[in-house]
>>> print(open('data.pdb').read())   # PDB, C-alpha atoms
MODEL        1
ATOM      1  CA  MET W   1     -24.617 -47.118 -73.438
ATOM      2  CA  SER W   2     -26.103 -48.918 -76.385
ATOM      3  CA  ILE W   3     -29.832 -49.115 -76.964
ATOM      4  CA  ASP W   4     -31.234 -52.595 -77.509
ATOM      5  CA  TRP W   5     -33.832 -51.726 -80.168
ATOM      6  CA  ALA W   6     -34.602 -55.412 -80.795
ATOM      7  CA  SER W   7     -36.023 -55.694 -77.269
ATOM      8  CA  PHE W   8     -37.826 -52.337 -77.362
ATOM      9  CA  THR W   9     -41.588 -52.855 -76.964
ATOM     10  CA  PRO W  10     -43.116 -49.369 -76.993
ATOM     11  CA  TRP W  11     -46.740 -50.364 -77.628
ATOM     12  CA  HIS W  12     -46.826 -53.004 -74.923
ATOM     13  CA  ALA W  13     -45.216 -50.506 -72.569
ATOM     14  CA  LEU W  14     -47.634 -47.672 -73.345
ATOM     15  CA  GLY W  15     -50.684 -49.951 -73.391
ATOM     16  CA  GLY W  16     -49.743 -51.755 -70.189
ATOM     17  CA  GLY W  17     -48.895 -48.432 -68.584
ATOM     18  CA  ALA W  18     -52.286 -47.020 -69.574
ATOM     19  CA  LEU W  19     -53.985 -50.039 -67.940
ATOM     20  CA  ILE W  20     -51.983 -49.444 -64.752
ATOM     21  CA  GLY W  21     -52.996 -45.777 -64.835
ATOM     22  CA  LEU W  22     -56.630 -46.756 -65.390
ATOM     23  CA  ALA W  23     -56.436 -49.119 -62.406
ATOM     24  CA  ALA W  24     -55.063 -46.316 -60.233
ATOM     25  CA  ALA W  25     -57.825 -43.955 -61.417
ATOM     26  CA  VAL W  26     -60.542 -46.559 -60.739
ATOM     27  CA  LEU W  27     -59.285 -47.202 -57.195
ATOM     28  CA  TRP W  28     -58.942 -43.477 -56.477
ATOM     29  CA  LEU W  29     -62.263 -42.330 -57.954
ATOM     30  CA  GLY W  30     -64.097 -45.409 -56.691
ATOM     31  CA  LEU W  31     -62.708 -45.833 -53.188
ATOM     32  CA  GLY W  32     -60.552 -42.740 -52.622
ATOM     33  CA  ARG W  33     -57.457 -44.908 -52.164
ATOM     34  CA  ILE W  34     -53.981 -44.542 -53.646
ATOM     35  CA  ALA W  35     -52.970 -47.583 -55.711
ATOM     36  CA  GLY W  36     -49.671 -48.033 -53.936
ATOM     37  CA  ILE W  37     -48.873 -51.720 -53.785
ATOM     38  CA  SER W  38     -46.416 -51.562 -50.894
ATOM     39  CA  GLY W  39     -48.917 -49.580 -48.823
ATOM     40  CA  ILE W  40     -51.801 -51.899 -49.678
ATOM     41  CA  ALA W  41     -49.743 -55.028 -48.993
ATOM     42  CA  GLY W  42     -48.002 -53.544 -45.960
ATOM     43  CA  GLY W  43     -51.320 -52.853 -44.263
ATOM     44  CA  LEU W  44     -52.128 -56.544 -44.670
ATOM     45  CA  ALA W  45     -48.735 -57.957 -43.784
ATOM     46  CA  SER W  46     -48.297 -55.926 -40.619
ATOM     47  CA  PHE W  47     -51.954 -56.072 -39.560
ATOM     48  CA  THR W  48     -52.034 -52.277 -39.293
ATOM     49  CA  ALA W  49     -55.210 -52.308 -41.419
ATOM     50  CA  SER W  50     -58.254 -53.794 -39.725
ATOM     51  CA  GLY W  51     -61.851 -54.724 -40.455
ATOM     52  CA  GLY W  52     -63.353 -53.227 -43.616
ATOM     53  CA  ASP W  53     -59.997 -51.684 -44.399
ATOM     54  CA  ARG W  54     -58.624 -55.189 -44.965
ATOM     55  CA  ALA W  55     -61.262 -56.457 -47.392
ATOM     56  CA  TRP W  56     -60.558 -54.063 -50.274
ATOM     57  CA  ARG W  57     -56.812 -54.677 -49.897
ATOM     58  CA  VAL W  58     -57.222 -58.449 -50.107
ATOM     59  CA  LEU W  59     -59.496 -58.095 -53.148
ATOM     60  CA  PHE W  60     -57.146 -55.661 -54.888
ATOM     61  CA  VAL W  61     -54.152 -57.973 -54.448
ATOM     62  CA  ALA W  62     -56.217 -61.004 -55.497
ATOM     63  CA  GLY W  63     -57.357 -59.097 -58.586
ATOM     64  CA  LEU W  64     -53.778 -58.136 -59.379
ATOM     65  CA  VAL W  65     -52.562 -61.738 -59.266
ATOM     66  CA  GLY W  66     -55.625 -62.909 -61.231
ATOM     67  CA  GLY W  67     -55.343 -60.159 -63.843
ATOM     68  CA  ALA W  68     -51.719 -60.977 -64.520
ATOM     69  CA  GLY W  69     -52.521 -64.699 -64.626
ATOM     70  CA  ILE W  70     -55.402 -64.280 -67.074
ATOM     71  CA  VAL W  71     -53.315 -62.261 -69.542
ATOM     72  CA  HIS W  72     -50.462 -64.734 -69.091
ATOM     73  CA  LEU W  73     -52.757 -67.612 -70.089
ATOM     74  CA  ALA W  74     -54.583 -65.667 -72.812
ATOM     75  CA  THR W  75     -51.390 -64.620 -74.565
ATOM     76  CA  GLY W  76     -49.605 -67.915 -74.067
ATOM     77  CA  GLY W  77     -46.763 -66.020 -72.380
ATOM     78  CA  LEU W  78     -45.232 -62.766 -73.582
ATOM     79  CA  PHE W  79     -41.776 -63.479 -72.174
ATOM     80  CA  GLU W  80     -39.497 -66.228 -70.901
ATOM     81  CA  ILE W  81     -39.816 -67.212 -67.253
ATOM     82  CA  ARG W  82     -36.662 -66.514 -65.281
ATOM     83  CA  THR W  83     -35.179 -69.568 -63.600
ATOM     84  CA  GLY W  84     -32.161 -70.141 -61.416
ATOM     85  CA  TYR W  85     -31.823 -66.561 -60.218
ATOM     86  CA  PRO W  86     -29.468 -66.653 -57.219
ATOM     87  CA  LEU W  87     -31.162 -66.528 -53.832
ATOM     88  CA  TRP W  88     -28.273 -64.498 -52.414
ATOM     89  CA  LEU W  89     -29.546 -61.641 -54.574
ATOM     90  CA  LEU W  90     -33.262 -62.409 -54.468
ATOM     91  CA  LEU W  91     -33.749 -62.760 -50.705
ATOM     92  CA  PRO W  92     -31.777 -59.778 -49.354
ATOM     93  CA  GLY W  93     -33.009 -57.670 -52.271
ATOM     94  CA  ALA W  94     -36.646 -58.476 -51.523
ATOM     95  CA  PHE W  95     -36.033 -57.767 -47.832
ATOM     96  CA  LEU W  96     -34.712 -54.305 -48.743
ATOM     97  CA  VAL W  97     -37.753 -53.722 -50.975
ATOM     98  CA  GLY W  98     -40.044 -54.461 -48.033
ATOM     99  CA  LEU W  99     -38.071 -52.405 -45.519
ATOM    100  CA  GLY W 100     -37.417 -49.488 -47.849
ATOM    101  CA  THR W 101     -40.945 -49.144 -49.182
ATOM    102  CA  ARG W 102     -42.420 -49.074 -45.678
ATOM    103  CA  MET W 103     -39.762 -46.645 -44.413
ATOM    104  CA  GLY W 104     -40.185 -44.470 -47.510
ATOM    105  CA  SER W 105     -43.997 -44.791 -47.567
ATOM    106  CA  GLY W 106     -44.268 -46.110 -51.118
ATOM    107  CA  CYS W 107     -42.849 -47.827 -54.165
ATOM    108  CA  THR W 108     -42.988 -47.554 -57.948
ATOM    109  CA  SER W 109     -46.782 -47.381 -57.987
ATOM    110  CA  GLY W 110     -47.517 -45.103 -55.037
ATOM    111  CA  HIS W 111     -44.673 -42.647 -55.638
ATOM    112  CA  GLY W 112     -43.704 -43.240 -59.272
ATOM    113  CA  VAL W 113     -47.196 -43.335 -60.760
ATOM    114  CA  CYS W 114     -49.734 -41.866 -58.313
ATOM    115  CA  GLY W 115     -47.317 -39.424 -56.659
ATOM    116  CA  ILE W 116     -46.111 -37.901 -59.902
ATOM    117  CA  ALA W 117     -49.620 -37.958 -61.425
ATOM    118  CA  ARG W 118     -50.925 -35.789 -58.588
ATOM    119  CA  PHE W 119     -47.842 -33.521 -58.792
ATOM    120  CA  SER W 120     -46.516 -34.486 -55.344
ATOM    121  CA  VAL W 121     -43.022 -33.219 -54.525
ATOM    122  CA  ARG W 122     -42.495 -36.191 -52.189
ATOM    123  CA  GLY W 123     -43.535 -38.629 -54.898
ATOM    124  CA  LEU W 124     -41.127 -37.094 -57.390
ATOM    125  CA  ALA W 125     -38.258 -36.935 -54.876
ATOM    126  CA  ALA W 126     -38.751 -40.582 -53.890
ATOM    127  CA  THR W 127     -38.945 -41.688 -57.536
ATOM    128  CA  VAL W 128     -35.732 -39.900 -58.502
ATOM    129  CA  THR W 129     -34.028 -41.463 -55.460
ATOM    130  CA  PHE W 130     -35.075 -45.087 -56.001
ATOM    131  CA  MET W 131     -34.398 -44.893 -59.738
ATOM    132  CA  ALA W 132     -30.898 -43.597 -59.000
ATOM    133  CA  THR W 133     -30.007 -46.315 -56.467
ATOM    134  CA  ALA W 134     -31.550 -48.976 -58.729
ATOM    135  CA  PHE W 135     -29.406 -47.870 -61.691
ATOM    136  CA  VAL W 136     -26.271 -47.895 -59.524
ATOM    137  CA  THR W 137     -27.123 -51.283 -57.996
ATOM    138  CA  VAL W 138     -27.720 -52.943 -61.367
ATOM    139  CA  PHE W 139     -24.465 -51.471 -62.654
ATOM    140  CA  PHE W 140     -22.532 -53.131 -59.837
ATOM    141  CA  VAL W 141     -24.436 -56.417 -59.897
ATOM    142  CA  ARG W 142     -24.248 -56.863 -63.668
ATOM    143  CA  HIS W 143     -20.838 -55.522 -64.453
ATOM    144  CA  PHE W 144     -18.750 -56.445 -61.422
ATOM    145  CA  PHE W 145     -20.200 -59.659 -60.060
ATOM    146  CA  GLY W 146     -23.274 -61.860 -60.091
ATOM    147  CA  PRO W 147     -25.461 -63.002 -62.981
ATOM    148  CA  GLY W 148     -24.666 -61.220 -66.187
ATOM    149  CA  GLY W 149     -21.291 -60.264 -64.735
ATOM    150  CA  VAL W 150     -19.802 -61.261 -68.051
ATOM    151  CA  ALA W 151     -21.556 -58.347 -69.791
TER
ATOM    152  CA  MET V   1     -69.924 -52.434 -54.920
ATOM    153  CA  LYS V   2     -66.759 -51.444 -53.074
ATOM    154  CA  SER V   3     -65.512 -55.018 -53.292
ATOM    155  CA  LEU V   4     -66.112 -55.056 -57.024
ATOM    156  CA  ILE V   5     -64.230 -51.769 -57.489
ATOM    157  CA  ALA V   6     -61.233 -53.122 -55.572
ATOM    158  CA  LEU V   7     -61.239 -56.379 -57.522
ATOM    159  CA  VAL V   8     -61.576 -54.658 -60.919
ATOM    160  CA  ALA V   9     -58.859 -52.117 -60.092
ATOM    161  CA  GLY V  10     -56.539 -54.928 -59.001
ATOM    162  CA  GLY V  11     -57.349 -56.918 -62.141
ATOM    163  CA  LEU V  12     -56.586 -53.974 -64.412
ATOM    164  CA  PHE V  13     -53.375 -53.318 -62.512
ATOM    165  CA  GLY V  14     -52.183 -56.914 -62.832
ATOM    166  CA  ALA V  15     -53.146 -57.078 -66.512
ATOM    167  CA  GLY V  16     -51.275 -53.826 -67.111
ATOM    168  CA  LEU V  17     -48.142 -55.083 -65.361
ATOM    169  CA  TYR V  18     -48.187 -58.198 -67.529
ATOM    170  CA  VAL V  19     -48.923 -56.453 -70.843
ATOM    171  CA  ALA V  20     -46.192 -53.902 -70.099
ATOM    172  CA  MET V  21     -43.884 -56.851 -69.313
ATOM    173  CA  MET V  22     -42.970 -55.377 -65.951
ATOM    174  CA  ALA V  23     -43.743 -58.836 -64.578
ATOM    175  CA  ASP V  24     -40.575 -59.969 -66.392
ATOM    176  CA  PRO V  25     -37.663 -59.172 -64.053
ATOM    177  CA  ASP V  26     -35.165 -59.694 -66.876
ATOM    178  CA  LYS V  27     -36.820 -56.866 -68.813
ATOM    179  CA  VAL V  28     -36.865 -54.653 -65.733
ATOM    180  CA  LEU V  29     -33.156 -55.272 -65.177
ATOM    181  CA  ALA V  30     -32.461 -54.560 -68.866
ATOM    182  CA  PHE V  31     -34.148 -51.176 -68.342
ATOM    183  CA  LEU V  32     -32.134 -50.493 -65.188
ATOM    184  CA  ASP V  33     -28.849 -51.509 -66.860
ATOM    185  CA  LEU V  34     -27.769 -48.228 -68.430
ATOM    186  CA  ALA V  35     -24.269 -49.536 -69.103
ATOM    187  CA  GLY V  36     -25.444 -52.663 -70.908
ATOM    188  CA  ALA V  37     -27.730 -53.214 -73.879
ATOM    189  CA  TRP V  38     -30.328 -50.728 -72.641
ATOM    190  CA  ASP V  39     -34.027 -51.475 -73.165
ATOM    191  CA  PRO V  40     -35.871 -48.152 -72.723
ATOM    192  CA  SER V  41     -39.378 -49.710 -72.840
ATOM    193  CA  LEU V  42     -40.252 -49.298 -69.177
ATOM    194  CA  ALA V  43     -39.877 -45.535 -69.307
ATOM    195  CA  LEU V  44     -42.968 -45.613 -71.514
ATOM    196  CA  VAL V  45     -44.858 -47.640 -68.898
ATOM    197  CA  MET V  46     -44.410 -44.695 -66.538
ATOM    198  CA  VAL V  47     -45.529 -42.261 -69.244
ATOM    199  CA  GLY V  48     -48.698 -44.225 -70.008
ATOM    200  CA  ALA V  49     -49.569 -44.827 -66.352
ATOM    201  CA  ILE V  50     -48.998 -41.234 -65.249
ATOM    202  CA  ALA V  51     -50.897 -39.768 -68.210
ATOM    203  CA  VAL V  52     -54.034 -41.814 -67.509
ATOM    204  CA  SER V  53     -54.022 -41.650 -63.702
ATOM    205  CA  ALA V  54     -53.375 -37.887 -63.752
ATOM    206  CA  VAL V  55     -56.802 -37.477 -65.370
ATOM    207  CA  GLY V  56     -58.339 -39.389 -62.461
ATOM    208  CA  PHE V  57     -56.613 -37.241 -59.850
ATOM    209  CA  ALA V  58     -57.577 -34.048 -61.679
ATOM    210  CA  VAL V  59     -61.238 -35.096 -61.912
ATOM    211  CA  SER V  60     -61.316 -35.973 -58.200
ATOM    212  CA  ARG V  61     -60.443 -32.407 -57.224
ATOM    213  CA  ARG V  62     -63.954 -31.432 -58.357
ATOM    214  CA  MET V  63     -65.595 -34.159 -56.270
ATOM    215  CA  THR V  64     -66.372 -34.117 -52.541
ATOM    216  CA  THR V  65     -66.256 -37.885 -51.978
ATOM    217  CA  SER V  66     -65.271 -40.921 -54.005
ATOM    218  CA  LEU V  67     -67.967 -42.746 -55.985
ATOM    219  CA  GLY V  68     -68.057 -45.423 -53.286
ATOM    220  CA  GLY V  69     -68.870 -42.747 -50.710
ATOM    221  CA  SER V  70     -65.629 -42.711 -48.725
ATOM    222  CA  SER V  71     -63.526 -39.563 -48.606
ATOM    223  CA  PHE V  72     -60.359 -39.221 -50.668
ATOM    224  CA  ALA V  73     -57.339 -40.360 -48.661
ATOM    225  CA  TRP V  74     -54.995 -37.618 -49.873
ATOM    226  CA  PRO V  75     -51.509 -38.363 -48.514
ATOM    227  CA  GLY V  76     -50.872 -35.886 -45.703
ATOM    228  CA  LEU V  77     -47.180 -35.060 -46.000
ATOM    229  CA  GLU V  78     -45.913 -32.949 -48.877
ATOM    230  CA  ARG V  79     -42.296 -32.153 -48.009
ATOM    231  CA  PRO V  80     -39.561 -34.738 -48.611
ATOM    232  CA  ASP V  81     -37.655 -35.812 -45.491
ATOM    233  CA  LEU V  82     -34.788 -38.151 -44.671
ATOM    234  CA  LYS V  83     -37.058 -41.084 -43.905
ATOM    235  CA  LEU V  84     -38.679 -40.796 -47.342
ATOM    236  CA  LEU V  85     -35.383 -40.510 -49.198
ATOM    237  CA  GLY V  86     -33.584 -43.145 -47.100
ATOM    238  CA  GLY V  87     -36.424 -45.609 -47.592
ATOM    239  CA  ALA V  88     -36.591 -44.894 -51.317
ATOM    240  CA  ALA V  89     -32.821 -45.403 -51.591
ATOM    241  CA  LEU V  90     -33.011 -48.822 -49.876
ATOM    242  CA  PHE V  91     -35.973 -49.796 -52.035
ATOM    243  CA  GLY V  92     -34.049 -48.928 -55.193
ATOM    244  CA  VAL V  93     -31.151 -51.153 -54.125
ATOM    245  CA  GLY V  94     -33.557 -54.047 -53.533
ATOM    246  CA  TRP V  95     -35.312 -53.431 -56.862
ATOM    247  CA  GLY V  96     -31.965 -53.495 -58.644
ATOM    248  CA  MET V  97     -30.918 -56.709 -56.889
ATOM    249  CA  THR V  98     -34.122 -58.578 -57.785
ATOM    250  CA  GLY V  99     -35.800 -56.962 -60.812
ATOM    251  CA  TYR V 100     -39.106 -56.927 -58.918
ATOM    252  CA  CYS V 101     -40.832 -54.022 -57.237
ATOM    253  CA  PRO V 102     -43.840 -54.978 -55.057
ATOM    254  CA  GLY V 103     -46.562 -55.017 -57.769
ATOM    255  CA  PRO V 104     -44.700 -57.313 -60.159
ATOM    256  CA  GLY V 105     -43.667 -59.392 -57.131
ATOM    257  CA  PHE V 106     -47.342 -60.217 -56.584
ATOM    258  CA  ALA V 107     -48.026 -60.626 -60.311
ATOM    259  CA  ALA V 108     -45.205 -63.176 -60.347
ATOM    260  CA  LEU V 109     -47.346 -65.439 -58.143
ATOM    261  CA  ALA V 110     -49.370 -66.157 -61.289
ATOM    262  CA  VAL V 111     -46.434 -66.161 -63.682
ATOM    263  CA  ASN V 112     -43.409 -67.539 -61.848
ATOM    264  CA  PRO V 113     -44.586 -68.801 -58.449
ATOM    265  CA  ALA V 114     -41.363 -70.688 -57.694
ATOM    266  CA  GLU V 115     -39.523 -67.364 -57.574
ATOM    267  CA  ALA V 116     -42.405 -65.252 -56.245
ATOM    268  CA  VAL V 117     -42.794 -67.174 -52.989
ATOM    269  CA  TYR V 118     -39.175 -66.469 -52.003
ATOM    270  CA  TYR V 119     -39.432 -62.838 -53.065
ATOM    271  CA  LEU V 120     -42.738 -62.168 -51.283
ATOM    272  CA  ALA V 121     -41.698 -63.949 -48.076
ATOM    273  CA  ALA V 122     -38.516 -61.877 -47.810
ATOM    274  CA  MET V 123     -40.366 -58.670 -48.779
ATOM    275  CA  VAL V 124     -42.981 -59.192 -46.062
ATOM    276  CA  MET V 125     -40.155 -59.805 -43.560
ATOM    277  CA  GLY V 126     -38.682 -56.439 -44.488
ATOM    278  CA  MET V 127     -42.083 -54.774 -44.107
ATOM    279  CA  LEU V 128     -42.562 -56.317 -40.675
ATOM    280  CA  VAL V 129     -39.090 -55.275 -39.543
ATOM    281  CA  TRP V 130     -39.997 -51.671 -40.314
ATOM    282  CA  ASP V 131     -43.656 -51.615 -39.241
ATOM    283  CA  ARG V 132     -43.281 -53.722 -36.115
ATOM    284  CA  GLY V 133     -39.723 -52.786 -35.183
ATOM    285  CA  LEU V 134     -37.618 -49.959 -36.524
ATOM    286  CA  SER V 135     -40.472 -47.478 -37.010
ATOM    287  CA  ARG V 136     -41.225 -47.547 -33.305
ATOM    288  CA  PRO V 137     -39.293 -45.224 -30.991
TER
ENDMDL
END
>>> encode(input="data.pdb", output="C-alpha cells")
Amino acid sequence: MSIDWASFTPWHALGGGALIGLAAAVLWLGLGRIAGISGIAGGLASFTASGGDRAWRVLFVAGLVGGAGIVHLATGGLFEIRTGYPLWLLLPGAFLVGLGTRMGSGCTSGHGVCGIARFSVRGLAATVTFMATAFVTVFFVRHFFGPGGVA
Amino acid sequence: MKSLIALVAGGLFGAGLYVAMMADPDKVLAFLDLAGAWDPSLALVMVGAIAVSAVGFAVSRRMTTSLGGSSFAWPGLERPDLKLLGGAALFGVGWGMTGYCPGPGFAALAVNPAEAVYYLAAMVMGMLVWDRGLSRP
C-alpha cells in the first residue's frame, strides 16, 4: 500500500460527512425515520410504501439530487466526471447493490452511518462485511482485469 | 412541515455527498483500492457523519415522539443474521464494481446523468428482484 497524499482531501471529507450526519439527524429528529437511502428508495421502487409514506421519500430523494446539483453548480465542479466506464461492470454491479441492500436491509447510509451512530450491532456487522467485500472486489477488478488493470 | 423536513434533510444529504466527493466514483474506488495509490479521505466522511448523527440519536432517546409528531421508527432487529451478512456481502461487491452506493447513485443524476440512469435502472431491478421475488417464500 502507498498513500496518495496528493489526492487526500480531509476537510472536504469531514465537512461533507458532517453535512450527511446533520441530514440524518434532521430526518430522525424531525420525522423519526432512518436516513437509509436503499430503504427510502426501495420503498418507492417496490411500491411497498404507500400513501403518506411515499411523499416524504419522494421529497427526500428529490432534495438529495437537488442538493448535490446545487453544490455542483455553485462550486463549478469539484472533480472530473467519469466517462466511458464499462457497462459490463456498471450494470451487474448496480444490480448487486440493489439486491444486496434490500436483502441486507441497508447500505452505507443506513448501516454505515445511522447504524453505527446508534451503536447497532447489526449496523456494525453489515458495515464490516460490505467494506470487506468491496475492498476484495476492487482489488480483483483493478489489479487483475478491467479498467485500471494496468495499475 | 413534514414535507419541508424531508426536502431539507435530502438537500443536506446530497450537498454532503458532493462536498465529501463521494459522488465521484473514481474517488470512492481510490479509497477502496488498498493495493493501489490509496486515498484515505472517505474514512473521514464516515467519521464526520457518525459523529454528528450520533448526537441526534442520543438526543432522541430523551424524546417521546419526533418533532413532526410521528413515533421514532427504531429498527426492530438487533442481532446479525445470515440474510443481513449475505446481503451486505453482495452489496459490497456491487459497490466495488461500480464506485457508487445508493446515495451517490442518486446524486449522480445531477452530476453525471449519462452514467446514473444506467446505474439506477439496474439498481432498481436488483431491488425488485429481492422485494418482489426472492424475499417471498
>>> closest_residue(input="data.pdb", among="W:Trp5, W:Phe47, W:Phe144, W:Phe60", to="Ile5 of chain V", atoms="all atoms listed in the file")
W:Phe60
>>> resolve_selection(input="data.pdb", expression="the PyMOL selection byres ((chain V and resi 28) around 10)", output="number ranges by chain")
V: 21-27, 29-33, 39-42, 95-96, 98-101, 104
>>> resolve_selection(input="data.pdb", expression="the PyMOL selection byres ((chain W and resi 16) around 9)", output="JSON, numbers by chain")
{"W": [11, 12, 13, 14, 15, 17, 18, 19, 20, 21], "V": [13, 15, 16, 17, 18, 19, 20, 21, 22, 45, 48, 49]}
>>> residues_around(input="data.pdb", residues="Val55 of chain V", least_positions_apart="6", cutoff="10 Å", atoms="only C-alpha atoms", output="list of chain:residue names")
W:Gly21, W:Leu22, W:Ala25, W:Ala117, W:Arg118
>>> resolve_selection(input="data.pdb", expression="the PyMOL selection byres ((chain W and resi 32-37) around 9)", output="compact mmCIF listing (two decimals) with C-alpha atoms, in the frame of the given file")
# COMPACT_ATOMS: atom_id res chain seq x y z
CA ALA W 23 -56.44 -49.12 -62.41
CA ALA W 24 -55.06 -46.32 -60.23
CA ALA W 25 -57.82 -43.96 -61.42
CA VAL W 26 -60.54 -46.56 -60.74
CA LEU W 27 -59.28 -47.20 -57.20
CA TRP W 28 -58.94 -43.48 -56.48
CA LEU W 29 -62.26 -42.33 -57.95
CA GLY W 30 -64.10 -45.41 -56.69
CA LEU W 31 -62.71 -45.83 -53.19
CA SER W 38 -46.42 -51.56 -50.89
CA GLY W 39 -48.92 -49.58 -48.82
CA ILE W 40 -51.80 -51.90 -49.68
CA ALA W 41 -49.74 -55.03 -48.99
CA GLY W 42 -48.00 -53.54 -45.96
CA VAL W 61 -54.15 -57.97 -54.45
CA GLY W 106 -44.27 -46.11 -51.12
CA CYS W 107 -42.85 -47.83 -54.16
CA THR W 108 -42.99 -47.55 -57.95
CA SER W 109 -46.78 -47.38 -57.99
CA GLY W 110 -47.52 -45.10 -55.04
CA HIS W 111 -44.67 -42.65 -55.64
CA VAL W 113 -47.20 -43.34 -60.76
CA CYS W 114 -49.73 -41.87 -58.31
CA GLY W 115 -47.32 -39.42 -56.66
CA ALA V 9 -58.86 -52.12 -60.09
CA GLY V 10 -56.54 -54.93 -59.00
CA PHE V 13 -53.38 -53.32 -62.51
CA SER V 60 -61.32 -35.97 -58.20
CA THR V 65 -66.26 -37.88 -51.98
CA SER V 66 -65.27 -40.92 -54.00
CA LEU V 67 -67.97 -42.75 -55.98
CA GLY V 68 -68.06 -45.42 -53.29
CA GLY V 69 -68.87 -42.75 -50.71
CA SER V 70 -65.63 -42.71 -48.72
CA SER V 71 -63.53 -39.56 -48.61
CA PHE V 72 -60.36 -39.22 -50.67
CA ALA V 73 -57.34 -40.36 -48.66
CA TRP V 74 -55.00 -37.62 -49.87
CA PRO V 75 -51.51 -38.36 -48.51
CA PRO V 102 -43.84 -54.98 -55.06
CA GLY V 103 -46.56 -55.02 -57.77
>>> residues_around(input="data.pdb", residues="Leu84 of chain V", least_positions_apart="3", cutoff="6 Å", atoms="only C-alpha atoms", output="list in words")
Gly104 of chain W; Asp81 and Gly87 of chain V
>>> residues_around(input="data.pdb", residues="segment 112-115 of chain V", least_positions_apart="3", cutoff="12 Å", atoms="all atoms listed in the file", output="short mmCIF file (atom, residue, chain, number, x, y, z; two decimals) with C-alpha atoms, in the frame of the given file")
data_model
loop_
_atom_site.label_atom_id
_atom_site.label_comp_id
_atom_site.auth_asym_id
_atom_site.auth_seq_id
_atom_site.Cartn_x
_atom_site.Cartn_y
_atom_site.Cartn_z
CA VAL W 65 -52.56 -61.74 -59.27
CA ALA W 68 -51.72 -60.98 -64.52
CA GLY W 69 -52.52 -64.70 -64.63
CA HIS W 72 -50.46 -64.73 -69.09
CA GLY W 77 -46.76 -66.02 -72.38
CA PHE W 79 -41.78 -63.48 -72.17
CA GLU W 80 -39.50 -66.23 -70.90
CA ILE W 81 -39.82 -67.21 -67.25
CA ARG W 82 -36.66 -66.51 -65.28
CA THR W 83 -35.18 -69.57 -63.60
CA GLY W 84 -32.16 -70.14 -61.42
CA TYR W 85 -31.82 -66.56 -60.22
CA PRO W 86 -29.47 -66.65 -57.22
CA LEU W 87 -31.16 -66.53 -53.83
CA LEU W 89 -29.55 -61.64 -54.57
CA LEU W 90 -33.26 -62.41 -54.47
CA LEU W 91 -33.75 -62.76 -50.70
CA ALA W 94 -36.65 -58.48 -51.52
CA TYR V 18 -48.19 -58.20 -67.53
CA ALA V 23 -43.74 -58.84 -64.58
CA ASP V 24 -40.58 -59.97 -66.39
CA PRO V 25 -37.66 -59.17 -64.05
CA THR V 98 -34.12 -58.58 -57.78
CA GLY V 99 -35.80 -56.96 -60.81
CA TYR V 100 -39.11 -56.93 -58.92
CA PRO V 104 -44.70 -57.31 -60.16
CA GLY V 105 -43.67 -59.39 -57.13
CA PHE V 106 -47.34 -60.22 -56.58
CA ALA V 107 -48.03 -60.63 -60.31
CA ALA V 108 -45.20 -63.18 -60.35
CA LEU V 109 -47.35 -65.44 -58.14
CA TYR V 118 -39.17 -66.47 -52.00
CA TYR V 119 -39.43 -62.84 -53.06
CA LEU V 120 -42.74 -62.17 -51.28
CA ALA V 121 -41.70 -63.95 -48.08
CA ALA V 122 -38.52 -61.88 -47.81
#
>>> closest_residue(input="data.pdb", among="W:Phe140, W:Trp56, W:Phe145, W:Phe119", to="chain V", atoms="all atoms listed in the file")
W:Trp56
>>> residues_around(input="data.pdb", residues="Val128 of chain W", least_positions_apart="6", cutoff="12 Å", atoms="only C-alpha atoms", output="list in words")
Cys107, Thr108, His111, Gly112, Gly115, Ile116, Val121, Arg122, Ala134 and Phe135 of chain W; Pro80, Leu84, Leu85, Ala88, Ala89, Phe91 and Gly92 of chain V
>>> atom_distance(input="data.pdb", atom1="atom CA of Leu64 of chain W", atom2="atom CA of Ala116 of chain V")
13.8 Å
